[in-house]
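One structure is given below, encoded as structure tokens.
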Amino acid sequence: MFDVEPEPTLDDGHLRSALEAVLLVVDTPVTVDELASAVGEDAARVRAMVSRMSEELTAAGSGMDLRYAGDGWRYYTRADYAPYVERLLLDGARSKLTRAALETLAVIAYRQPVTRARVSAIRGVNVDGVIRTLVARGLINEVGADPQTSAITYATTELFLERLGLASLDELPDLAPLLPDVDLIDDLDDEISSDPRFAKLGGHRSDSTGNDSSGSDADAPESGTDDQER
């Protein structure tokens with residue numbers, strides 16, 4: 001007998017809404033096949049729908065731009081409105097750092113290059129959110145990987161020295177003795193690395209280039225406090 005194509009499970013309105021919801025949470029372009037799998041619909045129908053969504057956003061002059069880039073679709077800020085976005089981000093960058101951010105920055109300044117896990121061990125809290133903020137503000141950056149754990153290591157930047165009015169790190173006040181000894185930090189790091197709750201924290205890589213993805217707090221340990229710098 002003839003094969004009968006299955007009826008679509010979503011009408012056009014629900015399909016559009018489902019695709020909007022999925023596209024809002026992705027941080028890298030997503031293929032039509034991935035979108036189709038997520039919403040449980042035929043790829044050809046999904047392709048037609050995202051193309052129509054893109055055209056309608058452009059026709060309406062929306063601040064959101066749904067574009068096909070690389071090998072997939074993703075929402076972007078429309079170029080015409082970039083100055084407004086930049087103003088918001090720059091104003092945020094000029095705001096004062098919280099105590100949590102300052103403490104984290106101090107640990108990195110005196111112990112650099114240092115991994116995220118070691119900073120967490122010293123402060124006793126998860127520092128994912130604070131690290132992301134300091135990277136976004138240009139005060140720290142990724143400088144390599146720890147030879148033992150392959151975890152990303154962080155160090156301060158030239159902007160950090162400029163903001164503090166220092167010529168080099170040698171001019172930092174002598175505060176290092178107030179921090180835990182290096183041996184103690186190493187012991188804490190070994191303990192963290194062997195604890196499955198902290199496994200992701202030790203190897204988690206930052207998306208300072210905009211691919212942070214995950215940037216997600218799902219990597220936070222199950223115990224302890226999570227410093228969130230927003």
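To be explicit about the labels: the chains of the structure tokens are called A, B, and onward in the order shown, and within each one the residues are counted from 1, while ligands get numbers from 1 in the order they are shown.
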* Excluding stretch 149-158 of chain A and any residue of its chain fewer than 2 positions from it, enumerate the residues within 7 Å of it, using only C-alpha atoms, and give them as a list in words. => Ile108, Ala109, Gln112, Pro113, Val114, Thr115, Gly138, Leu139, Ile140, Asn141, Glu142, Val143, Gly144, Ala145, Asp146, Pro147, Phe160, Leu161, Glu162, Gly202, Gly203, His204 and Arg205 of chain A
* Asked: Which polymer residues have any atom within 10 Å of an atom of stretch 70-77 of chain A, counting only C-alpha atoms, with same-chain residues fewer than 5 positions away left out, as a list of chain:residue names?
  ->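 My list of contacting residues is A:Glu20, A:Val22, A:Leu23, A:Leu24, A:Val25, A:Val26, A:Asp27, A:Thr28, A:Pro29, A:Val30, A:Thr31, A:Val32, A:Asp33, A:Glu34, A:Leu35, A:Arg47, A:Val50, A:Ser51, A:Ser54, A:Ser62, A:Gly63, A:Met64, A:Asp65, A:Ala82, A:Val85.
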Same residues, C-alpha atoms, saved as a CSV table (one decimal), in the first residue's frame:
chain,number,residue,atom,x,y,z
A,20,GLU,CA,11.5,31.0,18.8
A,22,VAL,CA,14.7,27.1,21.0
A,23,LEU,CA,16.5,29.8,19.1
A,24,LEU,CA,16.4,32.2,22.1
A,25,VAL,CA,18.5,29.8,24.2
A,26,VAL,CA,21.2,28.7,21.8
A,27,ASP,CA,24.5,30.5,21.9
A,28,THR,CA,25.9,29.1,18.6
A,29,PRO,CA,24.1,28.7,15.2
A,30,VAL,CA,21.9,25.6,15.2
A,31,THR,CA,21.2,23.6,12.0
A,32,VAL,CA,17.8,22.9,10.5
A,33,ASP,CA,18.1,19.2,11.4
A,34,GLU,CA,18.8,20.1,15.0
A,35,LEU,CA,15.8,22.4,15.1
A,47,ARG,CA,13.4,25.3,7.1
A,50,VAL,CA,12.7,29.9,10.0
A,51,SER,CA,13.1,31.5,6.5
A,54,SER,CA,13.6,35.8,9.2
A,62,SER,CA,12.8,44.4,14.3
A,63,GLY,CA,15.8,44.8,16.5
A,64,MET,CA,16.3,41.1,16.3
A,65,ASP,CA,17.7,39.5,13.2
A,82,ALA,CA,24.3,48.2,17.6
A,85,VAL,CA,23.5,47.7,22.7
* Please report, as number ranges by chain, each residue of stretch 28-107 of chain A to which DSSP assigns helix (DSSP H, G or I) when run on this structure's backbone. => A: 32-39, 43-59, 79-94, 99-107
For the residues selected in the previous step, produce a file with N, CA and C atoms as a compact mmCIF listing (two decimals), in the first residue's frame.
# COMPACT_ATOMS: atom_id res chain seq x y z
N VAL A 32 19.18 23.23 10.75
CA VAL A 32 17.76 22.92 10.54
C VAL A 32 17.44 21.53 11.09
N ASP A 33 18.33 20.58 10.87
CA ASP A 33 18.10 19.23 11.38
C ASP A 33 18.00 19.22 12.89
N GLU A 34 18.83 20.00 13.57
CA GLU A 34 18.79 20.07 15.03
C GLU A 34 17.49 20.73 15.50
N LEU A 35 17.08 21.76 14.79
CA LEU A 35 15.81 22.41 15.13
C LEU A 35 14.64 21.45 14.92
N ALA A 36 14.68 20.72 13.80
CA ALA A 36 13.61 19.78 13.50
C ALA A 36 13.52 18.69 14.56
N SER A 37 14.69 18.23 15.01
CA SER A 37 14.71 17.20 16.05
C SER A 37 14.15 17.74 17.36
N ALA A 38 14.46 19.00 17.66
CA ALA A 38 14.00 19.60 18.92
C ALA A 38 12.49 19.76 18.96
N VAL A 39 11.90 20.14 17.83
CA VAL A 39 10.45 20.39 17.82
C VAL A 39 9.66 19.21 17.28
N ALA A 43 12.16 18.44 8.60
CA ALA A 43 13.20 19.45 8.38
C ALA A 43 12.79 20.46 7.32
N ALA A 44 12.12 20.00 6.26
CA ALA A 44 11.71 20.92 5.19
C ALA A 44 10.72 21.96 5.72
N ARG A 45 9.81 21.51 6.58
CA ARG A 45 8.83 22.44 7.14
C ARG A 45 9.50 23.43 8.08
N VAL A 46 10.47 22.96 8.84
CA VAL A 46 11.20 23.84 9.75
C VAL A 46 12.01 24.87 8.97
N ARG A 47 12.66 24.42 7.89
CA ARG A 47 13.45 25.33 7.06
C ARG A 47 12.57 26.45 6.49
N ALA A 48 11.42 26.08 6.02
CA ALA A 48 10.50 27.08 5.46
C ALA A 48 10.03 28.06 6.54
N MET A 49 9.80 27.55 7.75
CA MET A 49 9.31 28.40 8.82
C MET A 49 10.37 29.40 9.28
N VAL A 50 11.62 28.95 9.48
CA VAL A 50 12.65 29.88 9.96
C VAL A 50 12.96 30.92 8.88
N SER A 51 12.89 30.52 7.62
CA SER A 51 13.11 31.49 6.54
C SER A 51 12.02 32.56 6.57
N ARG A 52 10.78 32.13 6.80
CA ARG A 52 9.68 33.09 6.87
C ARG A 52 9.81 33.99 8.09
N MET A 53 10.21 33.42 9.21
CA MET A 53 10.42 34.21 10.42
C MET A 53 11.49 35.28 10.19
N SER A 54 12.55 34.90 9.52
CA SER A 54 13.63 35.83 9.23
C SER A 54 13.14 36.98 8.35
N GLU A 55 12.40 36.64 7.31
CA GLU A 55 11.90 37.66 6.39
C GLU A 55 10.94 38.62 7.09
N GLU A 56 10.10 38.10 7.96
CA GLU A 56 9.13 38.94 8.65
C GLU A 56 9.80 39.89 9.64
N LEU A 57 10.85 39.42 10.32
CA LEU A 57 11.58 40.28 11.24
C LEU A 57 12.26 41.42 10.48
N THR A 58 12.82 41.11 9.32
CA THR A 58 13.47 42.14 8.51
C THR A 58 12.45 43.14 7.99
N ALA A 59 11.31 42.65 7.50
CA ALA A 59 10.27 43.53 6.97
C ALA A 59 9.71 44.46 8.04
N ALA A 79 22.21 45.10 13.03
CA ALA A 79 23.34 46.04 12.99
C ALA A 79 22.91 47.49 13.17
N ASP A 80 21.72 47.83 12.69
CA ASP A 80 21.24 49.21 12.79
C ASP A 80 21.13 49.69 14.24
N TYR A 81 20.95 48.74 15.16
CA TYR A 81 20.73 49.11 16.56
C TYR A 81 21.93 48.79 17.45
N ALA A 82 23.07 48.49 16.83
CA ALA A 82 24.28 48.17 17.59
C ALA A 82 24.69 49.28 18.56
N PRO A 83 24.58 50.58 18.18
CA PRO A 83 25.00 51.64 19.12
C PRO A 83 24.28 51.60 20.45
N TYR A 84 23.00 51.21 20.44
CA TYR A 84 22.24 51.15 21.69
C TYR A 84 22.72 50.00 22.58
N VAL A 85 23.04 48.89 21.93
CA VAL A 85 23.55 47.74 22.68
C VAL A 85 24.91 48.07 23.27
N GLU A 86 25.76 48.71 22.47
CA GLU A 86 27.09 49.07 22.94
C GLU A 86 27.02 50.03 24.12
N ARG A 87 26.07 50.97 24.06
CA ARG A 87 25.92 51.92 25.16
C ARG A 87 25.57 51.21 26.46
N LEU A 88 24.67 50.24 26.37
CA LEU A 88 24.29 49.49 27.57
C LEU A 88 25.47 48.71 28.12
N LEU A 89 26.21 48.02 27.24
CA LEU A 89 27.32 47.20 27.69
C LEU A 89 28.45 48.05 28.26
N LEU A 90 28.73 49.17 27.62
CA LEU A 90 29.80 50.03 28.11
C LEU A 90 29.44 50.68 29.44
N ASP A 91 28.18 51.07 29.58
CA ASP A 91 27.74 51.64 30.86
C ASP A 91 27.87 50.60 31.97
N GLY A 92 27.53 49.35 31.65
CA GLY A 92 27.67 48.28 32.63
C GLY A 92 29.11 48.03 33.00
N ALA A 93 30.00 48.17 32.00
CA ALA A 93 31.43 47.92 32.25
C ALA A 93 32.02 48.98 33.16
N ARG A 94 31.40 50.19 33.17
CA ARG A 94 31.93 51.26 34.00
C ARG A 94 31.41 51.19 35.42
N ARG A 99 32.06 43.25 45.87
CA ARG A 99 33.09 42.71 46.75
C ARG A 99 33.55 41.33 46.27
N ALA A 100 32.58 40.52 45.81
CA ALA A 100 32.93 39.18 45.32
C ALA A 100 33.89 39.27 44.13
N ALA A 101 33.62 40.22 43.23
CA ALA A 101 34.48 40.38 42.06
C ALA A 101 35.86 40.88 42.47
N LEU A 102 35.92 41.80 43.40
CA LEU A 102 37.20 42.33 43.85
C LEU A 102 38.04 41.26 44.54
N GLU A 103 37.39 40.42 45.35
CA GLU A 103 38.11 39.34 46.02
C GLU A 103 38.67 38.34 45.01
N THR A 104 37.84 38.00 44.03
CA THR A 104 38.28 37.06 43.00
C THR A 104 39.43 37.66 42.18
N LEU A 105 39.32 38.93 41.84
CA LEU A 105 40.36 39.60 41.08
C LEU A 105 41.67 39.64 41.87
N ALA A 106 41.58 39.84 43.19
CA ALA A 106 42.78 39.88 44.02
C ALA A 106 43.47 38.51 44.04
N VAL A 107 42.68 37.45 44.15
CA VAL A 107 43.26 36.10 44.16
C VAL A 107 43.99 35.84 42.85
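Reported to one decimal place, the separation of atom CA of A:Arg111 from atom CA of A:Gly129 is 19.2 Å.
Note that atom CA of A:Tyr110 and atom CA of A:Leu159 are 16.0 Å apart.
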